[in-house]
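Colleague: Below is a structure I'd like to ask you about.
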Amino acid sequence: MQIIQPHYHAIARTAQDYERMAMSGVVAVAEPAFWAGFDRLYPETFIDYFRQISEFEPTRAAQYGIRHFCWVAVNPKEAENPTLTREVLKHFPEFFAKPTVLGVGETGLHKATKNECESLEAHVELAMKHGQLVLIHTPHLADKAHGTKKVLEVLAGMKVDPERIWIDHVEEQTIRPCLDAGYWVGFTLYPITKCSPKRAVDMLEKYGTEKILVNSSADWGPSDPFTLQECILEFRRRGHSLQEAIEVFHNNPCRFLGQNPKFDIKPIRVETLVEAAT
Amino acid sequence: MLSPDQVVEAYFLEARHQLLEVAALLDRHDAAVAREGRGAGPAAAAKLAVLRQAIAALGDDRPVQERTVALLEIFARI
């Protein structure tokens, strides 16, 4: 089955992960800009990071037949340095012009501080001004509900097109208000700290498959890109058809990401061939 | 060996994850009942009852025996 991994931090993973993903049917990954595990101090550090994910990483993925796309952002964990954020934001338009950059992300909130909210607004405003897609990170664990509510409040105060915004890492307590407001949502599958493959399938069965993206993020922390395939197996094991799985794990990423014409992978349909008797 | 604080800090997220999986299983069951308009058959209902007994046993602050022993005995009933 052809699979798209819409949220994947490739620079934190080995080539072996690309190889195994390719062998399991992954045809494309999209890499949002991420926190490095420490707070970066210089705009140039971000610029080089953006160059890495927009220029070098596609060549690494291509060795395994996987298309690599990316996003640019200052991660919410680094938003407490507004001067740095402003300096980095100035460079976004040059990356928007690159052939594999899909938009702004992952911006969002971590602790929902004033600086974080201002950074989120600045990111979304710049994205909308340049007609870019937006990927929004919502906080983890105890901060999840409050942070997601705050994200929705910030967006509600802006002129945005919800169809072009993906709110990621939603869980059972945050999915409904995001869908009700017209946004795309993402389930992020982690071994321990976020959603599990089984819970993701539960939500797909409860809320339907429209405007939902499933990803395994897979960064430098405890994470596993193959939780996505585990989710597909769980989905199929519960009796959902191959085409239904393709709709969620391939076609929905095509529909959201394909709003940026640079993402040119199209939705697919499985078809049984009727062959003439010989 | 670990201190009380270390035990909680080391295993809290893992336990949170495992409890959420149990909660999701029960929600999944209730959704299936609502969808099909009938409850589980006798064998599955017995397993569900045992799960609920195990969950109740976990809530005991002063257990007379180790919780793992209590749960293994509960699960041995089916």
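Naming works like this for the structure tokens: A, B, ... for the chains as they're shown, residue 1 at the start of each chain, ligands 1 onward in shown order.
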List every residue of stretch 40-268 of chain A that DSSP, applied to the backbone of this structure, places in alpha helix (DSSP H), and write the result as a ChimeraX atom specification.
Modeller: /A:43-51,57-62,82-89,92-96,114-129,144-156,175-180,197-207,227-237,242-246,252-257
Colleague: With a distance threshold of 8 Å and counting only C-alpha atoms, extract the residues of chain B near chain A and express them as a PyMOL selection string.
Modeller: chain B and resi 13-14+17+21+24+28
Colleague: For stretch 110-155 of chain A against stretch 258-268 of chain A, with a cut-off of 10 Å and counting only C-alpha atoms, what is the closest atom pair and its distance in Å to one decimal for every residue that makes the cut, ordered by chain and number, as JSON lines?
Modeller:
```
{"residue": "A:Gly131", "atom": "CA", "partner": "A:Asn260", "partner_atom": "CA", "distance": 8.8}
{"residue": "A:Gln132", "atom": "CA", "partner": "A:Asn260", "partner_atom": "CA", "distance": 7.3}
{"residue": "A:Leu133", "atom": "CA", "partner": "A:Asn260", "partner_atom": "CA", "distance": 7.1}
```
Colleague: Those residues with all heavy atoms, as an mmCIF file, in the first residue's frame please?
Modeller:
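Writing done, so here's result_29.cif:
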```
data_model
loop_
_atom_site.group_PDB
_atom_site.id
_atom_site.type_symbol
_atom_site.label_atom_id
_atom_site.label_comp_id
_atom_site.auth_asym_id
_atom_site.auth_seq_id
_atom_site.Cartn_x
_atom_site.Cartn_y
_atom_site.Cartn_z
ATOM 1 N N GLY A 131 0.412 33.120 0.942
ATOM 2 C CA GLY A 131 -0.386 32.012 0.399
ATOM 3 C C GLY A 131 0.174 30.639 0.744
ATOM 4 O O GLY A 131 0.076 29.695 -0.048
ATOM 5 N N GLN A 132 0.752 30.516 1.935
ATOM 6 C CA GLN A 132 1.364 29.252 2.346
ATOM 7 C C GLN A 132 0.439 28.424 3.241
ATOM 8 O O GLN A 132 -0.442 28.969 3.914
ATOM 9 C CB GLN A 132 2.663 29.531 3.116
ATOM 10 C CG GLN A 132 3.708 30.285 2.324
ATOM 11 C CD GLN A 132 4.241 29.464 1.164
ATOM 12 O OE1 GLN A 132 4.635 28.318 1.330
ATOM 13 N NE2 GLN A 132 4.251 30.047 -0.021
ATOM 14 N N LEU A 133 0.661 27.125 3.269
ATOM 15 C CA LEU A 133 -0.025 26.248 4.218
ATOM 16 C C LEU A 133 0.579 26.457 5.610
ATOM 17 O O LEU A 133 1.709 26.922 5.735
ATOM 18 C CB LEU A 133 0.146 24.786 3.809
ATOM 19 C CG LEU A 133 -0.437 24.385 2.447
ATOM 20 C CD1 LEU A 133 -0.047 22.947 2.122
ATOM 21 C CD2 LEU A 133 -1.950 24.539 2.454
#
```
Colleague: Residues at most 10 Å from A:Phe56, counting only C-alpha atoms, excluding those fewer than 6 positions away in the same chain, as a VMD selection string?
Modeller: chain A and resid 11 49 to 50 68
Colleague: Could you name the residues that touch stretch 30-46 of chain B at 12 Å or less, counting only C-alpha atoms, but leaving out those on the same chain fewer than 3 positions away, as JSON, numbers by chain?
Modeller: {"A": [202, 203, 205, 206, 238], "B": [23, 24, 25, 26, 27, 49, 50, 51, 52, 53, 74, 75, 76, 77, 78]}
Colleague: Find the spatial neighbours of A:Met1, counting only C-alpha atoms, within a cut-off of 10 Å - ignore same-chain residues fewer than 3 positions away - and output them as a PyMOL selection string.
Modeller: chain A and resi 24-27+232+242-243+245-246+249-250+270
